[in-house]
$ cat target.cif   # mmCIF, C-alpha atoms and all ligand atoms
data_work
#
loop_
_atom_site.label_atom_id
_atom_site.label_comp_id
_atom_site.auth_asym_id
_atom_site.auth_seq_id
_atom_site.Cartn_x
_atom_site.Cartn_y
_atom_site.Cartn_z
CA MET V 1 0.00 0.00 0.00
CA SER V 2 1.42 3.38 -0.95
CA ALA V 3 1.63 6.32 1.44
CA THR V 4 -1.43 8.56 1.49
CA GLY V 5 -1.21 12.32 1.77
CA GLY V 6 -2.72 13.54 5.01
CA ALA V 7 -5.14 16.46 5.26
CA ALA V 8 -4.60 19.51 7.47
CA ILE V 9 -7.55 20.05 9.80
CA THR V 10 -8.85 23.31 11.20
CA VAL V 11 -11.38 23.29 14.02
CA SER V 12 -12.77 26.73 14.81
CA GLY V 13 -15.21 27.74 17.50
CA CYS V 14 -16.47 24.16 17.93
CA GLY V 15 -18.54 23.71 21.07
CA LYS V 16 -21.00 20.93 21.81
CA THR V 17 -24.12 20.92 23.93
CA TYR V 18 -26.00 17.61 23.82
CA ALA V 19 -29.78 17.43 23.55
CA ASP V 20 -30.11 16.81 27.32
CA GLY V 21 -28.26 20.07 28.03
CA THR V 22 -24.84 18.52 28.81
CA ARG V 23 -22.13 20.98 27.79
CA ALA V 24 -19.48 18.55 26.54
CA LEU V 25 -17.25 21.13 24.81
CA ALA V 26 -16.73 24.85 25.21
CA PRO V 27 -16.15 26.49 21.81
CA LEU V 28 -12.53 25.70 20.95
CA ASP V 29 -10.00 26.13 18.16
CA LEU V 30 -7.46 23.56 17.03
CA GLU V 31 -5.07 23.19 14.10
CA VAL V 32 -3.89 19.75 13.06
CA LYS V 33 -0.99 19.76 10.59
CA ALA V 34 -1.04 17.54 7.52
CA GLY V 35 0.59 14.22 8.35
CA GLU V 36 1.02 14.77 12.07
CA THR V 37 -0.13 12.54 14.88
CA LEU V 38 -2.08 14.61 17.37
CA VAL V 39 -3.09 13.04 20.68
CA LEU V 40 -6.13 14.20 22.65
CA LEU V 41 -5.31 13.42 26.28
CA GLY V 42 -7.48 13.96 29.31
CA PRO V 43 -9.52 12.28 32.03
CA SER V 44 -12.76 10.46 31.30
CA GLY V 45 -15.62 12.81 30.45
CA CYS V 46 -13.47 15.79 29.41
CA GLY V 47 -14.84 15.81 25.85
CA LYS V 48 -12.20 13.89 23.84
CA THR V 49 -14.65 11.59 22.05
CA THR V 50 -17.03 14.47 21.38
CA LEU V 51 -14.26 16.48 19.69
CA LEU V 52 -13.13 13.44 17.68
CA ARG V 53 -16.68 12.73 16.53
CA ILE V 54 -17.14 16.35 15.44
CA ILE V 55 -13.97 16.05 13.34
CA ALA V 56 -15.22 12.71 11.96
CA GLY V 57 -18.62 14.08 11.00
CA LEU V 58 -20.50 11.83 13.43
CA GLU V 59 -21.56 14.77 15.58
CA THR V 60 -22.56 18.33 14.64
CA PRO V 61 -20.94 21.21 16.55
CA ASP V 62 -23.11 23.90 18.14
CA ALA V 63 -24.02 26.85 15.90
CA GLY V 64 -20.94 28.80 14.83
CA GLY V 65 -18.55 25.82 14.96
CA ARG V 66 -16.58 25.00 11.80
CA VAL V 67 -14.40 22.12 10.67
CA ALA V 68 -12.22 22.41 7.55
CA PHE V 69 -10.02 19.83 5.81
CA ASP V 70 -7.21 21.45 3.79
CA GLY V 71 -9.06 24.75 3.98
CA SER V 72 -12.41 23.48 2.63
CA ASP V 73 -15.36 23.56 4.96
CA VAL V 74 -16.64 20.04 5.77
CA THR V 75 -18.91 21.05 8.68
CA GLY V 76 -22.05 19.97 6.80
CA LEU V 77 -20.55 16.77 5.36
CA PRO V 78 -21.37 13.38 6.90
CA ILE V 79 -18.54 10.95 7.76
CA GLU V 80 -18.74 9.01 4.47
CA LYS V 81 -17.98 12.18 2.50
CA ARG V 82 -14.95 13.22 4.59
CA ASN V 83 -12.51 10.46 3.61
CA VAL V 84 -11.68 9.60 7.22
CA GLY V 85 -11.03 6.22 8.80
CA MET V 86 -12.15 5.53 12.34
CA VAL V 87 -11.03 3.00 14.94
CA PHE V 88 -12.96 2.50 18.17
CA GLN V 89 -12.10 0.91 21.50
CA SER V 90 -14.84 -1.68 20.90
CA TYR V 91 -13.49 -2.73 17.43
CA ALA V 92 -17.01 -2.46 15.93
CA LEU V 93 -16.28 -5.21 13.39
CA PHE V 94 -19.00 -7.05 11.49
CA PRO V 95 -19.24 -10.47 13.21
CA ASN V 96 -20.93 -12.17 10.24
CA MET V 97 -18.11 -11.31 7.83
CA SER V 98 -14.61 -12.77 7.53
CA VAL V 99 -11.53 -10.67 8.25
CA VAL V 100 -10.89 -9.87 4.59
CA GLU V 101 -14.57 -8.99 4.03
CA ASN V 102 -14.44 -6.63 7.01
CA VAL V 103 -11.34 -4.93 5.66
CA ALA V 104 -12.82 -4.69 2.14
CA TYR V 105 -16.16 -3.37 3.41
CA GLY V 106 -15.43 0.34 2.91
CA LEU V 107 -14.24 -0.34 -0.63
CA ARG V 108 -17.42 -2.30 -1.38
CA VAL V 109 -19.53 0.64 -0.15
CA ARG V 110 -17.53 2.85 -2.51
CA GLY V 111 -18.35 0.57 -5.44
CA VAL V 112 -14.85 -0.82 -5.99
CA ALA V 113 -15.04 -4.03 -8.07
CA LYS V 114 -14.64 -7.31 -6.19
CA ALA V 115 -11.23 -8.42 -7.50
CA GLU V 116 -9.77 -4.97 -6.93
CA ARG V 117 -11.14 -4.61 -3.42
CA LEU V 118 -9.88 -8.05 -2.41
CA ALA V 119 -6.44 -7.16 -3.73
CA GLN V 120 -6.42 -3.87 -1.81
CA ALA V 121 -7.73 -5.47 1.38
CA THR V 122 -5.09 -8.21 1.13
CA ALA V 123 -2.37 -5.59 0.69
CA VAL V 124 -3.47 -3.87 3.92
CA LEU V 125 -3.61 -7.19 5.76
CA GLU V 126 -0.05 -7.87 4.59
CA MET V 127 1.05 -4.45 5.77
CA MET V 128 -0.43 -5.23 9.20
CA ARG V 129 1.11 -8.74 9.04
CA ILE V 130 -2.24 -10.47 9.55
CA GLU V 131 -2.75 -11.88 6.02
CA ALA V 132 -2.84 -15.39 7.55
CA LEU V 133 -6.11 -14.42 9.28
CA ALA V 134 -7.90 -13.31 6.09
CA ARG V 135 -10.49 -16.10 6.05
CA ARG V 136 -11.13 -16.24 9.80
CA ARG V 137 -14.38 -15.20 11.40
CA ILE V 138 -14.19 -12.29 13.83
CA ASP V 139 -15.17 -14.47 16.82
CA GLN V 140 -12.11 -16.63 16.11
CA LEU V 141 -9.74 -13.74 16.81
CA SER V 142 -8.03 -12.48 19.97
CA GLY V 143 -8.54 -8.89 21.14
CA GLY V 144 -5.22 -7.77 19.69
CA GLN V 145 -6.00 -9.40 16.34
CA ARG V 146 -9.43 -7.77 16.29
CA GLN V 147 -7.93 -4.36 16.84
CA ARG V 148 -5.42 -4.97 14.02
CA VAL V 149 -8.33 -5.86 11.75
CA ALA V 150 -10.21 -2.73 12.81
CA LEU V 151 -7.13 -0.65 11.99
CA ALA V 152 -6.72 -2.43 8.64
CA ARG V 153 -10.37 -1.77 7.85
CA ALA V 154 -9.97 1.93 8.61
CA LEU V 155 -6.83 2.19 6.45
CA ALA V 156 -8.12 0.14 3.50
CA VAL V 157 -10.03 3.06 1.99
CA ARG V 158 -6.81 5.11 2.05
CA PRO V 159 -8.27 7.89 4.15
CA ARG V 160 -6.56 11.26 4.45
CA VAL V 161 -7.28 11.29 8.18
CA ILE V 162 -7.43 8.45 10.68
CA LEU V 163 -9.25 8.93 13.97
CA LEU V 164 -8.58 6.52 16.82
CA ASP V 165 -10.68 6.56 19.99
CA GLU V 166 -8.86 4.74 22.82
CA PRO V 167 -8.08 1.82 20.47
CA LEU V 168 -5.89 -0.05 22.98
CA THR V 169 -7.89 0.40 26.18
CA ALA V 170 -9.59 -3.01 25.99
CA LEU V 171 -6.26 -4.88 25.66
CA ASP V 172 -3.93 -6.15 28.37
CA ALA V 173 -0.83 -4.12 29.27
CA ALA V 174 1.81 -6.10 27.36
CA LEU V 175 -0.26 -6.25 24.18
CA ARG V 176 -1.13 -2.58 24.52
CA GLU V 177 2.54 -1.61 24.51
CA HIS V 178 3.31 -3.88 21.57
CA LEU V 179 0.43 -2.59 19.46
CA ARG V 180 1.21 1.01 20.43
CA ALA V 181 4.70 0.62 18.95
CA GLU V 182 3.19 -0.93 15.81
CA ILE V 183 0.68 1.90 15.42
CA ASP V 184 3.46 4.44 15.93
CA ALA V 185 5.60 2.89 13.17
CA LEU V 186 2.59 2.58 10.88
CA LEU V 187 1.47 6.20 11.28
CA LYS V 188 5.00 7.47 10.64
CA ARG V 189 5.31 5.34 7.51
CA LEU V 190 1.94 6.33 6.05
CA ALA V 191 2.33 10.08 6.63
CA ILE V 192 -1.41 10.15 7.22
CA THR V 193 -2.96 12.75 9.55
CA ALA V 194 -3.93 10.96 12.76
CA ILE V 195 -5.89 12.04 15.81
CA TYR V 196 -5.51 9.62 18.68
CA VAL V 197 -7.68 9.82 21.78
CA THR V 198 -6.43 8.40 25.07
CA HIS V 199 -6.58 8.92 28.82
CA ASP V 200 -3.18 7.18 29.17
CA GLN V 201 -0.28 9.61 29.48
CA ALA V 202 2.35 7.02 28.51
CA GLU V 203 0.50 6.36 25.26
CA ALA V 204 0.18 10.09 24.60
CA LEU V 205 3.87 10.80 25.22
CA ALA V 206 4.98 7.86 23.07
CA LEU V 207 2.69 8.47 20.08
CA GLY V 208 2.05 12.17 19.78
CA ASP V 209 3.92 14.62 17.58
CA ARG V 210 1.85 17.02 19.66
CA ILE V 211 -0.48 16.49 22.59
CA VAL V 212 -3.67 18.38 23.36
CA VAL V 213 -4.40 18.10 27.09
CA MET V 214 -8.11 18.55 27.73
CA ARG V 215 -10.04 19.34 30.87
CA HIS V 216 -13.79 19.92 31.37
CA GLY V 217 -14.52 20.39 27.66
CA ALA V 218 -11.67 22.86 27.10
CA ILE V 219 -8.04 22.74 25.98
CA ALA V 220 -5.62 23.07 28.91
CA GLN V 221 -2.44 22.94 26.80
CA VAL V 222 -1.24 22.09 23.30
CA GLY V 223 2.40 21.19 22.81
CA THR V 224 5.02 18.61 21.98
CA PRO V 225 5.28 15.71 24.43
CA ARG V 226 8.43 17.31 25.84
CA ALA V 227 6.79 20.70 26.31
CA VAL V 228 3.69 19.24 27.95
CA TYR V 229 5.85 17.07 30.19
CA PHE V 230 8.56 19.53 31.19
CA GLN V 231 6.73 22.85 30.83
CA PRO V 232 3.15 22.09 31.89
CA ALA V 233 0.90 25.13 31.52
CA ASP V 234 -0.69 24.70 34.92
CA ASP V 235 -1.13 22.40 37.93
CA PHE V 236 -3.76 20.30 36.20
CA VAL V 237 -1.48 19.41 33.27
CA ALA V 238 1.47 18.84 35.62
CA ASP V 239 -0.53 16.38 37.70
CA PHE V 240 -2.21 14.62 34.82
CA VAL V 241 1.07 13.99 32.98
CA GLY V 242 3.48 12.26 35.35
CA ILE V 243 5.08 12.79 38.77
CA THR V 244 5.53 16.43 39.69
CA ASN V 245 7.71 17.94 42.36
CA ARG V 246 6.78 21.27 43.87
CA ILE V 247 8.89 23.75 45.80
CA PRO V 248 7.06 26.81 47.15
CA GLY V 249 8.82 30.16 47.13
CA ALA V 250 8.87 33.59 45.50
CA VAL V 251 10.54 35.32 42.55
CA ARG V 252 12.80 38.27 43.37
CA ASP V 253 15.26 40.02 41.02
CA GLY V 254 15.41 37.17 38.51
CA ARG V 255 15.83 34.50 41.16
CA PHE V 256 13.48 31.87 42.50
CA VAL V 257 13.93 32.05 46.28
CA SER V 258 12.85 29.22 48.59
CA ALA V 259 13.69 27.62 51.92
CA ALA V 260 15.82 25.09 49.99
CA GLY V 261 17.89 27.79 48.26
CA ALA V 262 17.71 30.11 45.27
CA LEU V 263 18.26 29.72 41.55
CA PRO V 264 18.10 32.04 38.52
CA VAL V 265 14.81 32.09 36.57
CA ALA V 266 13.54 34.21 33.68
CA ALA V 267 10.38 35.51 35.37
CA PRO V 268 9.07 38.79 36.81
CA ASP V 269 8.89 39.31 40.58
CA ARG V 270 6.13 37.38 42.34
CA ALA V 271 5.41 37.20 46.06
CA ALA V 272 4.28 33.59 45.75
CA ALA V 273 5.44 31.12 43.11
CA THR V 274 5.78 27.35 42.90
CA LEU V 275 8.64 25.70 41.09
CA LEU V 276 7.53 22.53 39.29
CA PHE V 277 9.88 19.84 37.97
CA ARG V 278 9.93 16.15 37.07
CA PRO V 279 12.17 13.60 38.81
CA GLU V 280 14.36 13.38 35.68
CA ALA V 281 15.03 17.14 35.66
CA ALA V 282 17.09 16.88 38.86
CA THR V 283 20.67 15.73 39.41
CA LEU V 284 22.02 15.10 42.91
CA CYS V 285 25.42 16.40 43.97
CA ALA V 286 27.31 17.76 47.00
CA PRO V 287 25.35 20.57 48.76
CA ALA V 288 28.14 23.10 48.04
CA GLU V 289 27.85 22.52 44.28
CA ALA V 290 24.10 23.09 43.97
CA ALA V 291 21.64 25.97 44.22
CA LEU V 292 19.17 23.91 46.24
CA THR V 293 19.82 21.80 49.31
CA LEU V 294 17.41 19.18 50.61
CA ARG V 295 17.60 16.28 53.06
CA VAL V 296 17.59 12.61 52.04
CA GLU V 297 14.55 10.95 53.58
CA GLN V 298 14.34 7.62 51.79
CA VAL V 299 16.35 5.69 49.19
CA GLU V 300 14.87 2.85 47.20
CA PHE V 301 17.13 0.58 45.14
CA GLN V 302 15.65 -0.16 41.71
CA GLY V 303 18.50 -1.88 39.90
CA ALA V 304 20.14 0.55 37.50
CA ARG V 305 18.56 3.52 39.32
CA GLN V 306 17.68 4.58 42.82
CA ARG V 307 14.47 6.38 43.62
CA VAL V 308 15.21 9.04 46.20
CA VAL V 309 12.70 10.86 48.36
CA LEU V 310 13.94 14.22 49.65
CA ALA V 311 12.39 16.40 52.32
CA GLY V 312 12.18 20.15 51.83
CA ALA V 313 12.59 22.64 54.68
CA ASP V 314 8.82 23.22 54.52
CA GLY V 315 8.09 19.48 54.96
CA GLY V 316 7.18 18.95 51.30
CA ARG V 317 8.46 15.83 49.56
CA ILE V 318 10.51 15.74 46.41
CA VAL V 319 11.01 12.56 44.39
CA VAL V 320 14.11 12.29 42.19
CA GLU V 321 16.17 9.56 40.56
CA ALA V 322 19.88 8.87 40.85
CA PRO V 323 22.25 6.35 39.22
CA ALA V 324 22.75 3.20 41.32
CA GLY V 325 26.34 4.22 42.17
CA THR V 326 25.43 7.54 43.84
CA ASP V 327 26.24 7.32 47.55
CA LEU V 328 23.28 8.62 49.54
CA VAL V 329 22.88 8.66 53.30
CA THR V 330 19.44 8.91 54.87
CA GLY V 331 19.20 12.07 56.93
CA ALA V 332 22.13 13.79 55.18
CA ALA V 333 21.91 17.01 53.19
CA VAL V 334 22.19 16.71 49.43
CA GLY V 335 22.53 19.27 46.62
CA VAL V 336 19.93 19.33 43.84
CA THR V 337 20.79 20.80 40.44
CA LEU V 338 17.87 21.40 38.06
CA ASP V 339 18.06 21.44 34.27
CA PRO V 340 16.90 25.03 33.56
CA THR V 341 15.08 23.88 30.39
CA ARG V 342 12.99 21.44 32.40
CA ILE V 343 11.56 23.61 35.14
CA THR V 344 8.31 25.58 35.25
CA LEU V 345 7.05 28.31 37.54
CA VAL V 346 3.33 28.57 38.30
P1 LIG U 401 -14.38 11.57 26.96
O1 LIG U 401 -14.29 10.91 25.61
O2 LIG U 401 -13.27 12.53 27.21
O3 LIG U 401 -14.52 10.59 28.07
P2 LIG U 401 -16.99 12.49 26.03
O4 LIG U 401 -16.73 13.36 24.87
O5 LIG U 401 -17.44 11.11 25.75
O6 LIG U 401 -15.70 12.48 26.98
O7 LIG U 401 -18.07 13.15 26.96
C1 LIG U 401 -18.00 14.50 27.39
C2 LIG U 401 -19.23 14.80 28.23
O8 LIG U 401 -20.39 14.73 27.43
C3 LIG U 401 -19.45 13.81 29.38
O9 LIG U 401 -19.97 14.54 30.46
C4 LIG U 401 -20.46 12.86 28.80
O10 LIG U 401 -21.23 12.28 29.83
C5 LIG U 401 -21.30 13.76 27.93
N1 LIG U 401 -21.89 13.08 26.77
C6 LIG U 401 -21.26 12.34 25.83
N2 LIG U 401 -22.11 11.91 24.89
C7 LIG U 401 -23.33 12.36 25.26
C8 LIG U 401 -24.66 12.26 24.70
N3 LIG U 401 -24.87 11.59 23.55
N4 LIG U 401 -25.66 12.88 25.36
C9 LIG U 401 -25.45 13.57 26.51
N5 LIG U 401 -24.24 13.71 27.08
C10 LIG U 401 -23.19 13.10 26.46
MG MG U 402 -14.21 8.88 25.14
#
$ encode --input "target.cif" --output "structure tokens" --more "lines below"
Ligand code: ADP
Ligand code: MG
Amino acid sequence: MSATGGAAITVSGCGKTYADGTRALAPLDLEVKAGETLVLLGPSGCGKTTLLRIIAGLETPDAGGRVAFDGSDVTGLPIEKRNVGMVFQSYALFPNMSVVENVAYGLRVRGVAKAERLAQATAVLEMMRIEALARRRIDQLSGGQRQRVALARALAVRPRVILLDEPLTALDAALREHLRAEIDALLKRLAITAIYVTHDQAEALALGDRIVVMRHGAIAQVGTPRAVYFQPADDFVADFVGITNRIPGAVRDGRFVSAAGALPVAAPDRAAATLLFRPEAATLCAPAEAALTLRVEQVEFQGARQRVVLAGADGGRIVVEAPAGTDLVTGAAVGVTLDPTRITLV
């Protein structure tokens, strides 16, 4: 199967209020670049599926909302006219059809002749390395195989956009990781525009060219996985995406000042500020060599690494990592150096 050109997507002013009055989305704007993989990440109920379905054409936005593919307005077009492929958590395969018939289904609907659609469906099955399953019935497949078939079915019509709604959630952890890597490689190879919905931060960080973090029907932050992880826009994003350390203090004359010490920051004066950082942003050293000094409270051996819990002067706890060889004594003072590109002030 040859690579398909992906469409750029523009969502403008799209809100959604359901018939029962539920306000699932506040009017929001979003640009998806042609060929990129954009991940919608957020807790259950924050509006991810609603936004995906509006982009798919399965749901109409509230008045004033617009969706465009490559600059042309598709707001009034139903899903079958948008050239999108969709993959759901629940597979949604046709149980009375074989694998190859499922994969060829979209081509049949489009009036592609039988020989041609079987050839195309077989090519997609080969690409997904499941051609051996072509004649199987759906109920003869494992969960992972079903999801591969669902993906193959979505890709068979060579869509310009593929929309995936928590496609791995129903699978066990090991399979989820395996299939995630496969999907990642596939999306990169096809250069198709992909929007991937998940509530799993590890999936989002691994798959996304960019991540949209959502909260209560609104966008909390849009950025690369690194930006969202190391420079979270606010407390919500920081907490939703990984372990966060917090040191309370203030900003004075270009320095963050706290009970643990002071370090230079590019921020205006503030009477109260909190320094946020991830465990990986910190390196431990001798107290004299570092801007911040904390006390070692607990050390946990983890093989190649040690997980170290530090206590701040204010009683707050800081979790960091250190190489296995670092000599740490419980109760002793230790210096903490922070990578300036991986800290955030809120
Ligand atoms: P997510 O995919 O992030 O879990 P959804 O987009 O499914 O969130 O839902 C957002 C909000 O809209 C939730 O409060 C949900 O209960 C509500 N909702 C979803 N679909 C409907 C519907 N058809 N009718 C009424 N409320 C709905
Ligand atoms: Mg959902």
$ residues_around --input "target.cif" --residues "Pro279 in chain V" --least-positions-apart "3" --cutoff "12 Å" --atoms "all atoms listed in the file" --output "PyMOL selection string"
chain V and resi 229-230+242-246+276+282-284+305-310+317-322+336-339+342-343
$ residues_near_ligand --input "target.cif" --ligand "ligand MG 402 (chain U)" --cutoff "8 Å" --atoms "all atoms listed in the file" --output "ChimeraX atom specification"
/V:44-45,47-50,165-166,197-198
$ write_last_selection --input "target.cif" --atoms "C-alpha atoms" --output "PDB file, in the frame of the given file"
ATOM      1  CA  SER V  44     -12.760  10.460  31.300  1.00  0.00           C
ATOM      2  CA  GLY V  45     -15.620  12.810  30.450  1.00  0.00           C
ATOM      3  CA  GLY V  47     -14.840  15.810  25.850  1.00  0.00           C
ATOM      4  CA  LYS V  48     -12.200  13.890  23.840  1.00  0.00           C
ATOM      5  CA  THR V  49     -14.650  11.590  22.050  1.00  0.00           C
ATOM      6  CA  THR V  50     -17.030  14.470  21.380  1.00  0.00           C
ATOM      7  CA  ASP V 165     -10.680   6.560  19.990  1.00  0.00           C
ATOM      8  CA  GLU V 166      -8.860   4.740  22.820  1.00  0.00           C
ATOM      9  CA  VAL V 197      -7.680   9.820  21.780  1.00  0.00           C
ATOM     10  CA  THR V 198      -6.430   8.400  25.070  1.00  0.00           C
TER      11      THR V 198
END
$ residues_around --input "target.cif" --residues "Asp62 in chain V" --least-positions-apart "4" --cutoff "7 Å" --atoms "all atoms listed in the file" --output "number ranges by chain"
V: 14-17
$ closest_residue --input "target.cif" --among "V:Arg226, V:Arg110, V:Arg153, V:Leu164" --to "ligand LIG 401 (chain U)" --atoms "all atoms listed in the file"
V:Leu164
$ residues_near_ligand --input "target.cif" --ligand "ligand LIG 401 (chain U)" --cutoff "12 Å" --atoms "only C-alpha atoms and all ligand atoms" --output "JSON, numbers by chain"
{"V": [15, 16, 17, 18, 19, 20, 21, 22, 23, 24, 25, 26, 40, 41, 42, 43, 44, 45, 46, 47, 48, 49, 50, 51, 52, 53, 54, 58, 59, 60, 88, 89, 164, 165, 166, 196, 197, 198, 199, 200, 212, 213, 214, 215, 216, 217, 218, 219]}
$ closest_residue --input "target.cif" --among "V:Ala113, V:Thr341, V:Gln147, V:Ala34" --to "Ala281 in chain V" --atoms "only C-alpha atoms"
V:Thr341
$ closest_atom_pairs --input "target.cif" --of "range 146-246 of chain V" --to "range 119-126 of chain V" --cutoff "12 Å" --atoms "all atoms listed in the file" --output "JSON lines"
{"residue": "V:Arg148", "atom": "CA", "partner": "V:Leu125", "partner_atom": "CA", "distance": 8.7}
{"residue": "V:Val149", "atom": "CA", "partner": "V:Leu125", "partner_atom": "CA", "distance": 7.7}
{"residue": "V:Ala150", "atom": "CA", "partner": "V:Leu125", "partner_atom": "CA", "distance": 10.6}
{"residue": "V:Leu151", "atom": "CA", "partner": "V:Val124", "partner_atom": "CA", "distance": 9.4}
{"residue": "V:Ala152", "atom": "CA", "partner": "V:Val124", "partner_atom": "CA", "distance": 5.9}
{"residue": "V:Arg153", "atom": "CA", "partner": "V:Ala121", "partner_atom": "CA", "distance": 7.9}
{"residue": "V:Ala154", "atom": "CA", "partner": "V:Val124", "partner_atom": "CA", "distance": 9.9}
{"residue": "V:Leu155", "atom": "CA", "partner": "V:Val124", "partner_atom": "CA", "distance": 7.4}
{"residue": "V:Ala156", "atom": "CA", "partner": "V:Ala121", "partner_atom": "CA", "distance": 6.0}
{"residue": "V:Val157", "atom": "CA", "partner": "V:Gln120", "partner_atom": "CA", "distance": 8.7}
{"residue": "V:Arg158", "atom": "CA", "partner": "V:Val124", "partner_atom": "CA", "distance": 9.8}
{"residue": "V:Leu186", "atom": "CA", "partner": "V:Val124", "partner_atom": "CA", "distance": 11.3}
{"residue": "V:Leu190", "atom": "CA", "partner": "V:Val124", "partner_atom": "CA", "distance": 11.7}
$ closest_residue --input "target.cif" --among "V:Leu107, V:Ala194, V:Ala173, V:Val237" --to "Val32 in chain V" --atoms "only C-alpha atoms"
V:Ala194
